[in-house]
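One structure below.
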Number of protein chains: 6
Amino acid sequence: MTAAPQRSGDSRGSAGRALDVVTLGEAMLRLAAPPGEALEAASRFDVHAAGAEANVAVTLARLGFRAGWVSKVVDDPFGRRVAGEVRRHGVDLAALIWSPGGRTGLFFIEQGASPRGVSVYYDRAGSACSTMAPEDVNWAYVHDARWAHLTGITPALSDACARTTARAIHEAKTAGVRVSFDVNHRRKLWTADRARATLAPMLDGVDLVTAAEEDAREVFRLDGNARDLAARLRALCHAGAAVITAGPAGAYLAGADGVHHEPALAGEVVDPIGRGDALAAGLLWGALDGDLRAGLRYGVALAALTQTYRGDIGWITRQEVLGALTDRDRETRR
Amino acid sequence: MTAAPQRSGDSRGSAGRALDVVTLGEAMLRLAAPPGEALEAASRFDVHAAGAEANVAVTLARLGFRAGWVSKVVDDPFGRRVAGEVRRHGVDLAALIWSPGGRTGLFFIEQGASPRGVSVYYDRAGSACSTMAPEDVNWAYVHDARWAHLTGITPALSDACARTTARAIHEAKTAGVRVSFDVNHRRKLWTADRARATLAPMLDGVDLVTAAEEDAREVFRLDGNARDLAARLRALCHAGAAVITAGPAGAYLAGADGVHHEPALAGEVVDPIGRGDALAAGLLWGALDGDLRAGLRYGVALAALTQTYRGDIGWITRQEVLGALTDRDRETRR
Amino acid sequence: MTAAPQRSGDSRGSAGRALDVVTLGEAMLRLAAPPGEALEAASRFDVHAAGAEANVAVTLARLGFRAGWVSKVVDDPFGRRVAGEVRRHGVDLAALIWSPGGRTGLFFIEQGASPRGVSVYYDRAGSACSTMAPEDVNWAYVHDARWAHLTGITPALSDACARTTARAIHEAKTAGVRVSFDVNHRRKLWTADRARATLAPMLDGVDLVTAAEEDAREVFRLDGNARDLAARLRALCHAGAAVITAGPAGAYLAGADGVHHEPALAGEVVDPIGRGDALAAGLLWGALDGDLRAGLRYGVALAALTQTYRGDIGWITRQEVLGALTDRDRETRR
Amino acid sequence: MTAAPQRSGDSRGSAGRALDVVTLGEAMLRLAAPPGEALEAASRFDVHAAGAEANVAVTLARLGFRAGWVSKVVDDPFGRRVAGEVRRHGVDLAALIWSPGGRTGLFFIEQGASPRGVSVYYDRAGSACSTMAPEDVNWAYVHDARWAHLTGITPALSDACARTTARAIHEAKTAGVRVSFDVNHRRKLWTADRARATLAPMLDGVDLVTAAEEDAREVFRLDGNARDLAARLRALCHAGAAVITAGPAGAYLAGADGVHHEPALAGEVVDPIGRGDALAAGLLWGALDGDLRAGLRYGVALAALTQTYRGDIGWITRQEVLGALTDRDRETRR
Amino acid sequence: MTAAPQRSGDSRGSAGRALDVVTLGEAMLRLAAPPGEALEAASRFDVHAAGAEANVAVTLARLGFRAGWVSKVVDDPFGRRVAGEVRRHGVDLAALIWSPGGRTGLFFIEQGASPRGVSVYYDRAGSACSTMAPEDVNWAYVHDARWAHLTGITPALSDACARTTARAIHEAKTAGVRVSFDVNHRRKLWTADRARATLAPMLDGVDLVTAAEEDAREVFRLDGNARDLAARLRALCHAGAAVITAGPAGAYLAGADGVHHEPALAGEVVDPIGRGDALAAGLLWGALDGDLRAGLRYGVALAALTQTYRGDIGWITRQEVLGALTDRDRETRR
Amino acid sequence: MTAAPQRSGDSRGSAGRALDVVTLGEAMLRLAAPPGEALEAASRFDVHAAGAEANVAVTLARLGFRAGWVSKVVDDPFGRRVAGEVRRHGVDLAALIWSPGGRTGLFFIEQGASPRGVSVYYDRAGSACSTMAPEDVNWAYVHDARWAHLTGITPALSDACARTTARAIHEAKTAGVRVSFDVNHRRKLWTADRARATLAPMLDGVDLVTAAEEDAREVFRLDGNARDLAARLRALCHAGAAVITAGPAGAYLAGADGVHHEPALAGEVVDPIGRGDALAAGLLWGALDGDLRAGLRYGVALAALTQTYRGDIGWITRQEVLGALTDRDRETRR
């Protein structure tokens with residue numbers, strides 16, 4: 001019995017049953033040189049599939065939520081791989097758009113140690129997903145979810161994708177679906193000015209907006225400390241809630257009742273990529289349970305656990321998240 | 001548009017829509033020493049998940065059919081792995097039974113070259129799936145499929161599994177679901193006498209029964225050449241159709257209109273395991289299209305393609321099957 | 001000449017010559033996902049053979065002692081592998097029991113980083129070794145050793161194994177062989193109550209008993225600080241000496257002349273498993289040299305070195321142990 | 001002394017000394033799933049750098065000739081890798097064009113066994129090399145070589161590349177540099193009609209033209225057997241010599257003195273890619289020695305040796321080629 | 001009970017019990033580029049330990065015989081590795097000579113496919129074992145065996161090794177130990193003339209001499225077909241028996257009762273190295289059982305099985321050898 | 001344009017153009033057990049090519065300087081590999097000496113974690129390079145460089161190599177080439193007394209001498225703190241400048257204008273080997289730019305970056321060095 005809700009993502013055919021969350025965006029092949037090796041030299045690349053919105057759907061499906069992912073993938077080995085790696089975790093792909101041709105976006109990773117950081121090289125221009133237009137999407141699928149989750153990466157990919165993102169927010173609002181938006185500013189894809197011009201109208205009135213501290217400053221020209229930024233981002237967007245992530249300093253949640261701080265959960269960093277997506281998934285967990293503060297706690301735990309796995313994805317269960325938080329609380333009390 | 005039917009396995013929520021095929025049986029972790037290395041010596045084992053009935057569901061899902069798999073897996077990393085590797089291909093797992101405890105069956109493979117063959121070592125006794133009893137299964141799920149596919153492995157696992165297999169056939173017949181049964185005799189699990197005593201009643205009146213030539217002789221005490229065996233197996237089981245597989249000699253399909261022979265499709269053997277499951281999937285493809293002879297052709301092509309992949313599964317598409325058959329026909333005509 | 005004593009484990013045929021130490025217990029295949037990868041996802045598992053008592057014998061053989069290992073292994077690739085990986089270090093296997101059938105115990109490892117720890121999943125129920133009964137063992141082999149080393153894992157495996165452990169202690173005492181016992185409580189195998197009921201009678205009058213701090217509290221209901229626990233464990237067991245291991249706080253040795261503390265030797269942790277077995281081997285080294293305090297020093301050095309190797313075993317020589325202690329002393333004096 | 005000519009590619013600074021051969025064209029990263037694994041599934045891709053014209057330069061440099069390669073590569077890890085893997089064999093890169101930005105072309109390989117062939121997926125559109133225009137090239141570098149080698153791949157990449165190829169032939173002819181051209185028709189890049197329209201004018205009057213049998217038929221609408229095709233291709237192009245490659249049937253060289261046939265050199269196929277480039281290198285070896293017939297012999301030996309190496313490149317020396325031919329001749333005489 | 005003789009190599013302390021076979025010679029680290037990769041390019045080398053005489057001892061120990069190996073190894077990680085890899089199979093190392101310094105011989109392997117063969121590069125000059133002199137060896141150990149096995153490799157290593165080989169034969173004969181000698185001519189170590197001058201006196205009167213067909217011709221200047229060579233080699237050496245191996249043509253055994261032919265056992269070649277040592281072990285198996293003709297049968301089966309394993313060693317059991325022969329006989333009768 | 005100087009190492013044929021730096025010394029194959037694995041146990045060794053002087057040339061070529069390397073390598077796969085791995089970075093090999101026979105030096109690495117350090121085992125005695133005599137070298141090549149870089153390793157290899165080193169310094173001075181010398185004392189190759197006797201005359205009057213703090217004390221019997229040592233080493237050698245490296249304490253540069261200190265740049269250590277060579281390359285960068293103080297800064301940055309790469313070589317660009325220094329300065333200012 002207890003396992004049943006956790007596997008609800010597999011339940012098909014129950015006509016009246018909505019998804020908990022639908023996310024929309026691109027996933028790519030991720031090709032990484034082994035740790036300590038240069039992309040210029042490595043004799044093999046480790047292969048994963050990853051993308052911010054798909055990562056969020058995967059994490060939610062692993063936690064037992066009914067998560068769906070909307071994207072456009074190529075009907076070739078690369079697109080099937082991306083789809084398969086998302087689906088294996090139980091994410092619903094019923095609204096996935098299969099393109100008969102085109103290329104799959106790629107990114108390459110060199111896992112440097114300090115003073116070298118991790119280097120990411122995108123090769124995603126002209127991908128099939130960058131052609132995803134509003135008319136490609138089955139909007140009824142989105143209407144049937146409780147939350148929709150989007151990021152600032154998608155509108156940076158192309159005009160078509162920007163229109164699709166705007167349309168998704170519009171469709172969600174119209175259908176009473178709540179909207180979560182992770183700013184996720186990508187300097188390699190567009191400038192802060194273009195990001196602001198595009199994102200500001202989209203973000204107006206969303207239920208939850210999340211941004212890294214530096215993105216809040218750079219894209220939205222906000223200032224103050226991280227606590228201030230959370231409140232100001234919420235105000236700027238007329239959002240239900242706003243979250244500012246501040247790395248090792250933790251995260252700040254601004255809601256109607258003020259700003260709440262959650263310290264980061266300490267741990268080792270095996271692979272930092274995907275940390276922010278894990279935090280976003282935690283927030284949505286809380287949101288679905290009607291407790292965003294709890295969601296922030298889940299988020300920092302998910303982020304700390306996810307960065308211990310190679311690849312963007314943490315192979316995490318609900319119990320592990322709760323266990324990590326219990327351990328943290330126990331140590332803190334000492 | 002053309003991609004839509006091929007991805008139908010992803011379509012959820014369309015309430016009135018049945019699965020094409022449901023299969024039921026155990027999947028295990030498969031741990032293989034690299035080619036040329038001994039299990040006694042290898043520093044690593046390559047890991048896959050596999051099981052005859054799951055393999056059939058996977059191949060059908062890859063071909064675009066709506067396939068579901070019923071089994072009992074442990075809610076731990078091993079069971080989640082098995083489930084995930086099946087689901088990634090698009091197999092529906094809505095009726096999968098999650099066990100809170102227990103062990104996952106294992107098998108080990110040493111990939112010998114001639115005069116050594118491939119050695120398989122089972123370590124599956126006492127697995128969670130071996131406790132799968134009729135009352136564990138959501139039979140309504142089976143009722144909603146066009147075909148049910150079972151094998152002679154499952155009843156060899158335990159009494160509970162034998163009862164579940166018999167019940168599955170009963171439920172299918174009652175609900176008008178057609179039944180396919182692959183004899184798949186496992187000498188390491190039970191004797192031919194026990195197999196016959198258990199399987200004979202189950203097989204009575206199935207729509208399609210498949211057996212290797214040596215299994216037909218050993219389990220059912222039939223004799224004659226492969227062509228005779230097909231006819232006699234059909235008669236013995238009062239089956240709609242019977243198929244005898246005869247390795248490089250191809251396969252024989254006995255139906256109401258006599259016995260049809262399909263030569264094997266020549267090729268290299270990278271990994272022979274899973275070949276028979278691929279043939280079974282091909283037969284079901286034909287059966288779903290209402291053309292078992294075509295199914296036999298699909299089956300020999302799927303078998304030849306599958307054995308070129310390491311692991312039980314062939315990562316095959318519908319076009320590749322049709323392409324391989326076209327190439328064969330072209331060469332044959334020369 | 002100098003090499004001769006170090007290789008004494010190879011000396012055969014010298015009829016009157018006893019072994020230095022005989023250990024008795026199960027060894028298993030150890031299957032580990034590569035660091036940073038999930039068991040649920042890893043495409044390969046790294047394979048080792050390991051078991052607490054075999055680990056102790058291996059370390060002692062590497063240090064130049066004549067060590068023998070008694071266990072029951074299957075005469076198939078898995079059992080031969082376990083035997084071979086123990087024998088390669090020079091451990092004598094003349095009394096190993098070869099079982100014509102049965103399964104080899106397994107354990108799986110996921111090498112998590114903080115806040116995830118290392119996860120161990122046992123799959124050892126029903127192993128050949130769990131059927132090892134007193135009548136299987138050649139007790140004359142045990143009689144011919146200077147020390148016998150046992151652990152609290154073996155009696156947790158089965159009744160047969162519990163009887164074999166008790167008999168081993170009895171045989172040793174009768175023959176004037178000294179007894180070392182490492183409590184090694186395994187929560188996944190039995191409860192503290194059952195452990196206490198079984199172990200307490202066995203431990204009465206042994207020459208050396210070792211326990212982790214938390215095991216002393218949980219199994220034997222002792223309290224106080226680590227120093228107190230050592231004295232109380234010695235008193236409870238009427239043991240010649242007792243050792244409490246307290247992780248980074250080092251270890252405490254209680255003997256007739258009071259309690260001696262040895263700080264842990266700092267270092268990096270590549271793989272924590274096998275650390276305790278290394279400490280036990282160090283104690284036996286000291287015991288064989290007639291100096292348990294020196295043995296505790298050897299033990300903390302062996303533990304620190306062993307945890308820098310992947311796998312349970314440290315590929316260590318006597319000189320490396322002495323060198324590590326010299327380096328530590330030099331730094332401490334600064 | 002004997003080593004000196006073999007290493008002549010390293011000799012710098014000898015002002016009056018020309019290169020033996022300059023080749024011009026794109027090299028890419030080659031990402032291959034391990035043998036027997038699907039691109040859709042492989043956890044790692046093996047990485048090489050390769051391109052038809054670079055392969056020819058590499059093979060010639062390994063044989064002791066002074067070979068240079070002209071291309072446009074990105075000044076990032078991917079471009080540096082491509083350059084480094086070509087340079088390590090001793091190819092001169094003095095005229096390589098470094099692009100401050102852009103992408104490096106990729107191709108993916110799935111190494112199927114029969115009845116699956118090897119699948120190649122290009123992802124090279126929009127690469128830095130596809131922007132290589134005539135004005136980017138240091139034509140003086142080309143003028144200083146004895147032979148220039150080009151292929152039909154380059155003009156298929158872009159208009160800029162087509163113009164560069166045409167210009168290269170013009171520059172070569174003007175400067176008295178002999179021209180070798182390998183048709184290498186790529187169906188995935190352009191149609192036979194477009195290829196013919198572009199290539200026919202370029203090929204007029206070249207010194208050596210090479211084509212696969214099917215390319216001669218498809219692109220140049222020639223017919224007849226392979227021997228006929230060689231003669232007709234030579235006539236069509238007003239070429240000094242023409243070579244038709246006919247797979248296992250060997251190759252045909254049409255010159256002023258008629259058509260000469262060279263049987264293929266039998267052997268195992270580890271990796272078929274790069275075989276044709278090896279043959280082209282052999283022809284140039286012969287051309288540089290003034291004996292094209294000998295070149296054809298070198299070519300079939302180089303092709304047979306190259307296909308035993310994973311990757312496009314054969315790590316071959318001059319002695320190995322001569323040894324393989326000696327062995328073949330000895331066996332043939334028996 | 002049945003397992004006991006098979007594990008007799010572990011039996012220690014039975015003072016009156018001799019070894020079945022003692023072999024003497026060098027073992028090295030074997031470093032191999034992965035199949036299809038060049039030594040010039042491979043990013044990793046696979047590591048094994050191997051040497052002709054050690055290989056024979058390993059195979060015999062695996063078959064259940066009490067085998068000992070005499071050699072000189074360095075007391076460092078490389079020597080310990082060589083010793084450990086031999087000992088893990090149950091070979092007795094009581095007379096192994098540990099050198100405090102020196103280097104371990106190496107050989108490198110490039111596993112080429114046809115028309116490239118397998119290339120072996122020795123780097124063994126000046127190894128510790130090449131300094132093994134008669135006075136280093138515990139000759140009593142040799143006296144206590146039923147057979148001594150030597151090869152023509154050892155005397156080629158150094159004068160000290162040549163003297164040690166001659167002395168070993170002398171000691172064996174004096175003590176009534178039978179002598180087996182495998183000529184194993186190594187062209188890279190010495191000339192045929194030097195080999196003949198050194199080996200001829202050694203071979204006089206041995207019980208069993210084995211040589212490859214080409215070695216018999218080249219070293220001993222014998223002629224005739226393989227059958228003739230066997231008889232002539234026996235006569236030349238005044239040997240009890242002589243065996244000529246003729247590759248795919250099988251092997252010829254010349255004894256007092258004439259020449260017996262045994263065809264080779266067909267199979268795939270994964271790694272040809274170690275094949276001859278496997279045949280030698282088979283002959284010794286027969287010799288120990290008093291049936292050299294049976295030994296030749298065992299030998300061809302062991303050779304065919306061994307070449308299916310990567311590395312010099314076949315991980316083979318007695319049953320597998322008998323099974324392979326039974327299968328062969330069954331097929332031959334058809 | 002900007003790329004041109006960075007690739008100047010590729011420029012051939014410009015008769016009047018000197019190299020920036022020529023280095024002379026041995027490079028070897030480097031065989032490393034994977035991290036956490038013992039050399040005694042690892043199933044594979046990772047392969048690189050490395051040598052102090054070659055490492056310096058590689059780093060300089062990567063930074064855009066025209067660097068040449070003089071050495072003696074074998075014309076076989078091992079020597080070609082060493083040459084190829086140096087050449088791929090753009091180092092000029094026009095004066096490399098190819099030996100028709102001989103062996104390539106090797107070193108083995110075990111990458112221990114604390115309290116085990118990294119263990120290095122040399123197997124380089126008798127290498128081809130150890131026979132490099134003054135008459136083997138094309139001294140005109142050295143004359144045409146701005147700087148020559150040598151180390152104290154080369155004279156430790158053999159008398160021939162010592163004479164070659166002395167001659168190189170003599171030739172350089174005579175031709176107005178500046179001389180850099182890195183003491184690099186190798187305790188495993190010779191004693192401090194022999195090193196001093198050989199090196200002292202060589203070092204007299206060089207332009208730059210570099211030594212580790214402990215080498216300055218042990219070889220040259222200097223004392224004082226690191227700052228003192230720099231001044232005293234400079235005085236002892238009558239050198240233009242002297243550098244003392246003091247590990248985490250940074251490095252000290254003594255010049256005509258006093259002693260300058262540069263702190264080490266903090267970071268993680270993936271592989272410590274090659275750090276010193278990176279620092280030497282940084283000093284030469286500064287020397288070529290006429291600013292040794294800047295060179296010391298480049299050196300500490302290069303050392304910190306290089307130790308984050310597995311293998312001796314850092315795959316570093318000029319921008320990365322400048323970026324790391326900028327980051328360090330920014331953090332320091334906070």
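Numbering starts fresh at 1 for the residues of each chain in the structure tokens, the chains themselves are lettered A, B, ... in the order given, and ligands are numbered from 1 as they appear.
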Exercise: stretch 121-125 of chain F partners within 10 Å, only C-alpha atoms, chain neighbours under 2 positions left out, as a PyMOL selection string = (chain E and resi 76-78+102-104+126) or (chain F and resi 26-31+103-110+119+127-130+157-158+188-189)
I need the chosen residues saved as a CSV table (one decimal), in the first residue's frame, with N, CA, C and O atoms.
```
chain,number,residue,atom,x,y,z
E,76,ASP,N,59.1,-6.7,-4.3
E,76,ASP,CA,58.4,-5.4,-4.5
E,76,ASP,C,57.1,-5.7,-5.2
E,76,ASP,O,56.7,-6.8,-5.3
E,77,PRO,N,56.3,-4.6,-5.4
E,77,PRO,CA,54.9,-4.9,-5.9
E,77,PRO,C,54.9,-5.8,-7.2
E,77,PRO,O,53.9,-6.6,-7.3
E,78,PHE,N,55.9,-5.7,-8.0
E,78,PHE,CA,55.8,-6.4,-9.3
E,78,PHE,C,56.1,-7.9,-9.0
E,78,PHE,O,55.4,-8.8,-9.6
E,102,GLY,N,66.3,-5.6,-7.9
E,102,GLY,CA,66.3,-6.0,-9.3
E,102,GLY,C,65.0,-5.6,-9.9
E,102,GLY,O,64.1,-5.0,-9.3
E,103,ARG,N,64.9,-6.0,-11.2
E,103,ARG,CA,63.8,-5.6,-12.0
E,103,ARG,C,63.0,-6.9,-12.4
E,103,ARG,O,63.6,-8.0,-12.5
E,104,THR,N,61.7,-6.7,-12.6
E,104,THR,CA,60.8,-7.8,-13.1
E,104,THR,C,60.8,-7.7,-14.6
E,104,THR,O,60.5,-6.6,-15.2
E,126,GLY,N,68.2,-8.4,-18.1
E,126,GLY,CA,68.6,-8.0,-16.8
E,126,GLY,C,67.6,-8.1,-15.7
E,126,GLY,O,67.8,-7.5,-14.6
F,26,GLU,N,65.5,12.8,-21.1
F,26,GLU,CA,64.8,11.6,-21.4
F,26,GLU,C,63.3,11.7,-21.2
F,26,GLU,O,62.9,12.3,-20.2
F,27,ALA,N,62.4,11.1,-22.0
F,27,ALA,CA,61.0,10.9,-21.7
F,27,ALA,C,60.8,9.4,-21.6
F,27,ALA,O,61.4,8.6,-22.4
F,28,MET,N,59.8,9.0,-20.8
F,28,MET,CA,59.6,7.6,-20.6
F,28,MET,C,58.1,7.3,-20.7
F,28,MET,O,57.3,8.2,-20.8
F,29,LEU,N,57.8,6.0,-20.8
F,29,LEU,CA,56.4,5.6,-20.6
F,29,LEU,C,56.1,5.6,-19.1
F,29,LEU,O,56.9,5.2,-18.3
F,30,ARG,N,54.9,6.2,-18.8
F,30,ARG,CA,54.5,6.2,-17.4
F,30,ARG,C,53.3,5.3,-17.3
F,30,ARG,O,52.3,5.5,-18.0
F,31,LEU,N,53.4,4.3,-16.4
F,31,LEU,CA,52.3,3.3,-16.2
F,31,LEU,C,51.8,3.4,-14.8
F,31,LEU,O,52.5,3.2,-13.8
F,103,ARG,N,65.8,-0.1,-25.5
F,103,ARG,CA,64.6,-0.1,-24.8
F,103,ARG,C,64.2,1.3,-24.4
F,103,ARG,O,65.0,2.2,-24.3
F,104,THR,N,62.9,1.5,-24.1
F,104,THR,CA,62.4,2.8,-23.7
F,104,THR,C,62.2,2.7,-22.2
F,104,THR,O,61.7,1.7,-21.6
F,105,GLY,N,62.7,3.8,-21.5
F,105,GLY,CA,62.6,3.8,-20.0
F,105,GLY,C,61.1,3.8,-19.6
F,105,GLY,O,60.3,4.3,-20.3
F,106,LEU,N,60.9,3.3,-18.4
F,106,LEU,CA,59.6,3.1,-17.9
F,106,LEU,C,59.5,3.7,-16.5
F,106,LEU,O,60.5,3.6,-15.8
F,107,PHE,N,58.4,4.2,-16.0
F,107,PHE,CA,58.2,4.4,-14.6
F,107,PHE,C,56.8,4.0,-14.3
F,107,PHE,O,55.9,4.2,-15.1
F,108,PHE,N,56.6,3.4,-13.1
F,108,PHE,CA,55.3,3.0,-12.6
F,108,PHE,C,54.9,3.8,-11.4
F,108,PHE,O,55.7,4.2,-10.6
F,109,ILE,N,53.6,4.1,-11.3
F,109,ILE,CA,53.1,4.9,-10.3
F,109,ILE,C,51.9,4.3,-9.5
F,109,ILE,O,51.0,3.7,-10.2
F,110,GLU,N,52.0,4.4,-8.2
F,110,GLU,CA,50.9,4.0,-7.4
F,110,GLU,C,50.4,5.2,-6.7
F,110,GLU,O,51.2,5.9,-6.0
F,119,SER,N,53.8,6.6,-4.9
F,119,SER,CA,55.0,5.8,-5.0
F,119,SER,C,55.4,5.8,-6.5
F,119,SER,O,54.6,5.5,-7.3
F,127,SER,N,68.2,2.4,-20.8
F,127,SER,CA,67.3,2.9,-21.9
F,127,SER,C,68.1,3.4,-23.0
F,127,SER,O,69.3,3.8,-22.9
F,128,ALA,N,67.5,3.5,-24.2
F,128,ALA,CA,68.2,4.1,-25.4
F,128,ALA,C,68.7,5.5,-25.0
F,128,ALA,O,69.8,5.9,-25.4
F,129,CYS,N,67.9,6.3,-24.3
F,129,CYS,CA,68.3,7.7,-24.0
F,129,CYS,C,69.5,7.7,-23.2
F,129,CYS,O,70.3,8.7,-23.2
F,130,SER,N,69.7,6.7,-22.3
F,130,SER,CA,70.9,6.7,-21.5
F,130,SER,C,72.2,6.5,-22.3
F,130,SER,O,73.3,6.7,-21.7
F,157,LEU,N,71.8,9.8,-15.4
F,157,LEU,CA,71.5,8.5,-16.1
F,157,LEU,C,72.6,7.7,-16.6
F,157,LEU,O,72.6,6.5,-16.5
F,158,SER,N,73.8,8.4,-17.0
F,158,SER,CA,74.9,7.6,-17.4
F,158,SER,C,76.0,8.6,-17.7
F,158,SER,O,75.8,9.8,-17.7
F,188,LYS,N,66.9,8.1,-6.2
F,188,LYS,CA,67.0,6.7,-6.7
F,188,LYS,C,68.0,6.5,-7.8
F,188,LYS,O,68.3,5.4,-8.1
F,189,LEU,N,68.6,7.6,-8.3
F,189,LEU,CA,69.5,7.4,-9.4
F,189,LEU,C,71.0,7.6,-9.0
F,189,LEU,O,71.9,7.0,-9.5
```
Run DSSP on the backbone and grab whatever in stretch 22-235 of chain E lands in strand (DSSP E or B); send it over as a PyMOL selection string.
-> chain E and resi 22-24+28-32+44-50+67-70+72-74+92+97-99+103+106-111+118-123+127+145-151+178-182+208-212
How many Å lie between atom CA of E:Leu222 and atom CA of E:Lys173, rounded to one decimal?
->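 Atom CA of E:Lys173 lies 26.2 Å from atom CA of E:Leu222.
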Identify every residue of chain F that has at least one atom within 6 Å of any atom of chain A, counting only C-alpha atoms, and report the result as a count of residues only.
-> 5
As a PyMOL selection string, please: all residues of stretch 183-291 of chain A that backbone DSSP puts in alpha helix (DSSP H).
-> chain A and resi 192-203+213-220+226-237+275-288
Close residues, E:Ala140 itself excluded, 10 Å, only C-alpha atoms, min 5 positions apart in chain, as an MDAnalysis selection string = chainID E and resid 95 145 171:172 175
Only all heavy atoms, please: the residues just picked out, written as a compact mmCIF listing (two decimals), in the first residue's frame.
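Ended up saving to selection.txt:
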```
# COMPACT_ATOMS: atom_id res chain seq x y z
N ALA E 95 59.55 -22.86 -2.61
CA ALA E 95 60.96 -22.74 -3.02
C ALA E 95 61.20 -21.52 -3.89
O ALA E 95 62.26 -21.39 -4.52
CB ALA E 95 61.39 -24.02 -3.76
N ALA E 145 59.72 -34.13 -6.18
CA ALA E 145 58.61 -34.11 -7.16
C ALA E 145 58.67 -35.36 -8.03
O ALA E 145 59.71 -36.02 -8.15
CB ALA E 145 58.73 -32.87 -8.03
N GLU E 171 70.00 -32.70 -11.36
CA GLU E 171 69.45 -33.01 -10.03
C GLU E 171 68.25 -33.93 -10.16
O GLU E 171 68.07 -34.86 -9.37
CB GLU E 171 69.03 -31.71 -9.32
CG GLU E 171 70.17 -30.79 -8.96
CD GLU E 171 70.92 -31.24 -7.70
OE1 GLU E 171 70.38 -32.07 -6.94
OE2 GLU E 171 72.05 -30.75 -7.49
N ALA E 172 67.41 -33.64 -11.13
CA ALA E 172 66.21 -34.45 -11.31
C ALA E 172 66.59 -35.90 -11.62
O ALA E 172 66.11 -36.84 -10.98
CB ALA E 172 65.34 -33.87 -12.43
N ALA E 175 67.92 -37.77 -8.72
CA ALA E 175 66.94 -38.08 -7.67
C ALA E 175 65.78 -38.91 -8.19
O ALA E 175 64.80 -39.14 -7.47
CB ALA E 175 66.41 -36.78 -7.08
```
Near B:Arg146, counting only C-alpha atoms, which residues have an atom at most 12 Å away, once you skip same-chain residues fewer than 5 positions from it, shown as a PyMOL selection string?
-> chain B and resi 17-23+65-68+141+172-173+175-180+207+284-285+287-290
Got a sec: who's within 12 Å of A:Ala230, counting only C-alpha atoms, leaving out chain neighbours fewer than 6 positions off, as a PyMOL selection string?
-> chain A and resi 208-217+220+222-224+236-246+251-256+258-261
Could you work out how far atom CA of A:Arg80 lies from atom CA of A:Ala61, giving the answer in Å with one decimal?
-> 19.1 Å
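Residue neighbourhood of C:Ile313, excluding near-sequence residues (fewer than 5 positions): C:Ala50, C:Asn55, C:Val56, C:Val58, C:Thr59, C:Ile273, C:Gly274, C:Arg275, C:Asp277, C:Ala278, C:Thr306, C:Gln307, at 9 Å, using only C-alpha atoms.
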